[in-house]
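Accompanying notes for the structure given below.
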Amino acid sequence: MAKLPLEGIRVVAVSVVWAGPFCTQILADWGAEVIRVESLKHFTFLTRGFPMIRPPKEMIRAKPQWTMAYPDWDPGEKPWNRYAVFQAHGRNKKSCSMEITTPKGLEMFKKLIAKADIFVQNNPPDTIAKMGITYEKMKKVKPDLIMISMPGYGDTGPNKDYRALGANLDEAGGHTWLRRYRDMDPSSASLILFSDATSGAHAAFAALSALRYRKRTGKGQYIDMSQTETLMPFLAEATLDYTMNGRVADTLGNRHPYMAPHGCFRCRGEDRWITIAVERDDEWQALCKVMEKPELACDERFADSLGRHSHQDELERIIEEWTSQHDHYALMLALQKEGVAAGAVLDDRDAYNDPHLKERGFFEKITHPDAGTHLYPGLMWKASKTPNAIRTPPVCLGEHNEYVYKEILGVSDAEYAELEKEGQIGTEPAPGAF
């Protein structure tokens, strides 16, 4: 395998839930040595799951969300290594246990930072201050350090110490308001974590930009990234409409500002759907042809885009009466053949069996020591000069303790044994961990 572009770059991560881990996933995928520093005494909700409990299979089956997901509905003896959320982003990384809140743990952390290029964290600012690992303190240890801090609301401002998950940030950024159902209030909007994805990807790019800057100048820097602010540019149309016109955007649901029909329609089978989007009159004529309803093509109500847009309620009822009698995938192919934009709505099982993804080899078979063998989502892009793949399975808690302490930090066998005795080093959460 060709040398990966980030080989030789060491990243230390005190990252939780999804945003920080997604950033370091991207860096690790492309060759950076990412070392997760993890506590045995303090666990963050949704990062490695719920290590203080082993939920019974009945509870896991009854919880219809990824927040309670383990292979074969079984948390196993080490649920912190089997949790699906962590399995998704824990690949190609290393893990060491370290109690930064103790004097000895903080000392070890500083030694590790001294040998790192990048430090990534996505905790609230006051948490990092209490732990004593702010940029002002870390740059004294490593003057050219690049530190990326990505709390929910950034490192300044009146909201900086607010704790938030992606769902909260979605609301703070205005996204929840825009994506609710048209006939319901914002409480109808489902849970999404869009800011985790946007901030993780932005942070990875910021890391590469800072590395480029350091290569030119020899200087490190601090990157203050608000997760909410990485989400809001995706809502630019609504934001600028208000700043330019004073108009507060309302939700469109699955509709479009000027295209009609434009929506998601029920198909034959349980929870099967298709999306259809018509922009031009010729596309509308083609849709009527596939529907075998020539009378609609001549209907004055639907003769042009303005008319179709004005009669969307009735139009959508007619279309769904038709789509509900057909297979979603067959309809997609029939409509696309006639030049109508349409797509079958795929769920997880469809994605794993999608012929396009199979041909591209997107999913990779990985064997994990605690989770078993499964197909995992693969790398997000292909590079012609640097062929790449998942190299190591999602990292187990404390899996690389000996490597980090003995090889990187130079800890002796006797010191290592003492750290184990003190509870700094281990591969299982401490009793009563929270």
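Please note that chains go A, B, ... in the order of the structure tokens, that every chain numbers its residues from 1, and that ligands are numbered from 1 in the order shown.
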
Could you please write out, as JSON, numbers by chain, every residue of segment 145-318 of chain A that DSSP assigns to alpha helix (DSSP H)? {"A": [166, 167, 168, 169, 170, 171, 172, 175, 176, 177, 178, 194, 195, 196, 197, 198, 199, 200, 201, 202, 203, 204, 205, 206, 207, 208, 209, 210, 211, 212, 213, 214, 215, 216, 217, 227, 228, 229, 230, 231, 236, 237, 238, 239, 240, 241, 242, 243, 244, 245, 281, 282, 283, 284, 285, 286, 287, 288, 289, 290, 291, 294, 295, 296, 297, 305, 306, 307, 308, 309, 310, 312, 313, 314, 315, 316, 317, 318]}

Write out as an MDAnalysis selection string the residues lying within 7 Å of segment 417-427 of chain A, counting only C-alpha atoms and excluding same-chain residues fewer than 3 positions away. chainID A and resid 97:99 105 397:399 401 413:414

With N, CA and C atoms retained, could you export that selection as an mmCIF file, in the first residue's frame?
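What landed in out_8.cif:
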```cif
data_model
loop_
_atom_site.group_PDB
_atom_site.id
_atom_site.type_symbol
_atom_site.label_atom_id
_atom_site.label_comp_id
_atom_site.auth_asym_id
_atom_site.auth_seq_id
_atom_site.Cartn_x
_atom_site.Cartn_y
_atom_site.Cartn_z
ATOM 1 N N SER A 97 -5.815 4.526 28.265
ATOM 2 C CA SER A 97 -6.571 5.033 29.410
ATOM 3 C C SER A 97 -5.671 5.966 30.210
ATOM 4 N N MET A 98 -6.259 7.068 30.675
ATOM 5 C CA MET A 98 -5.477 8.082 31.393
ATOM 6 C C MET A 98 -6.444 8.965 32.167
ATOM 7 N N GLU A 99 -6.205 9.149 33.440
ATOM 8 C CA GLU A 99 -7.074 9.974 34.271
ATOM 9 C C GLU A 99 -6.504 11.388 34.373
ATOM 10 N N GLY A 105 -2.052 11.747 36.106
ATOM 11 C CA GLY A 105 -2.631 11.624 34.778
ATOM 12 C C GLY A 105 -2.391 12.868 33.943
ATOM 13 N N LEU A 397 -11.145 -0.285 24.328
ATOM 14 C CA LEU A 397 -10.751 0.611 25.412
ATOM 15 C C LEU A 397 -9.387 0.207 25.971
ATOM 16 N N GLY A 398 -8.443 1.153 25.948
ATOM 17 C CA GLY A 398 -7.111 0.905 26.508
ATOM 18 C C GLY A 398 -6.271 -0.092 25.739
ATOM 19 N N GLU A 399 -6.629 -0.351 24.505
ATOM 20 C CA GLU A 399 -5.951 -1.387 23.725
ATOM 21 C C GLU A 399 -4.460 -1.109 23.535
ATOM 22 N N ASN A 401 -2.382 0.745 25.566
ATOM 23 C CA ASN A 401 -1.754 1.318 26.761
ATOM 24 C C ASN A 401 -0.243 1.111 26.775
ATOM 25 N N ASP A 413 8.727 -0.462 33.258
ATOM 26 C CA ASP A 413 7.800 -1.527 33.649
ATOM 27 C C ASP A 413 7.276 -1.310 35.065
ATOM 28 N N ALA A 414 8.164 -0.868 35.953
ATOM 29 C CA ALA A 414 7.758 -0.642 37.346
ATOM 30 C C ALA A 414 6.765 0.517 37.439
#
```

Nearest-residue call for Ile128 of chain A, choices A:Lys110, A:Pro369, A:Val14, A:Glu77, using only C-alpha atoms: A:Val14

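Minimum atom-to-atom distances from A:Pro387, A:Pro429, A:Pro186, A:Gly246 to Pro79 of chain A were compared using only C-alpha atoms, and the lowest value belongs to A:Pro429.
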
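Within the 8 Å cut-off around segment 275-280 of chain A, using only C-alpha atoms and omitting residues fewer than 3 positions from it on the same chain, the listed residues are Tyr258, Met259, Ala260, Pro261, His262, Gly263, Cys264, Phe265, Glu283, Trp284, Ser305, Val340, Ala341, Ala342, Gly343, Ala344 and Val345 of chain A.
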
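With only C-alpha atoms as the atoms that count, the minimum distance from Cys396 of chain A to the choices A:Lys382, A:Lys219, A:Lys78, A:Arg349 is reached by A:Lys78.
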
At most 8 Å is the cut-off: for each residue in segment 37-153 of chain A with any atom that close to an atom of segment 224-239 of chain A, write down the nearest atom pair and the distance in Å rounded to one decimal, counting only C-alpha atoms, chain first then increasing number, as CSV.
```
residue,atom,partner,partner_atom,distance
A:Ile148,CA,A:Asp224,CA,6.4
A:Ser149,CA,A:Asp224,CA,5.3
A:Met150,CA,A:Met225,CA,4.6
A:Pro151,CA,A:Ser226,CA,5.8
A:Gly152,CA,A:Gln227,CA,4.9
A:Tyr153,CA,A:Ser226,CA,4.7
```

Please dump the current selection as a PDB file, in the first residue's frame; keep N, CA and C atoms.
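After the write, part_23.pdb holds the following:
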```pdb
ATOM      1  N   ILE A 148      -7.548  21.948  18.247  1.00  0.00           N
ATOM      2  CA  ILE A 148      -8.879  22.193  17.715  1.00  0.00           C
ATOM      3  C   ILE A 148      -9.888  21.979  18.830  1.00  0.00           C
ATOM      4  N   SER A 149     -10.583  23.051  19.176  1.00  0.00           N
ATOM      5  CA  SER A 149     -11.617  22.990  20.203  1.00  0.00           C
ATOM      6  C   SER A 149     -12.958  23.187  19.520  1.00  0.00           C
ATOM      7  N   MET A 150     -13.880  22.239  19.708  1.00  0.00           N
ATOM      8  CA  MET A 150     -15.136  22.297  18.974  1.00  0.00           C
ATOM      9  C   MET A 150     -16.341  22.024  19.871  1.00  0.00           C
ATOM     10  N   PRO A 151     -16.572  22.895  20.870  1.00  0.00           N
ATOM     11  CA  PRO A 151     -17.784  22.757  21.689  1.00  0.00           C
ATOM     12  C   PRO A 151     -19.010  23.180  20.900  1.00  0.00           C
ATOM     13  N   GLY A 152     -20.170  23.019  21.500  1.00  0.00           N
ATOM     14  CA  GLY A 152     -21.409  23.317  20.796  1.00  0.00           C
ATOM     15  C   GLY A 152     -21.518  24.747  20.318  1.00  0.00           C
ATOM     16  N   TYR A 153     -21.081  25.694  21.156  1.00  0.00           N
ATOM     17  CA  TYR A 153     -21.297  27.110  20.840  1.00  0.00           C
ATOM     18  C   TYR A 153     -20.004  27.910  20.747  1.00  0.00           C
TER      19      TYR A 153
END
```
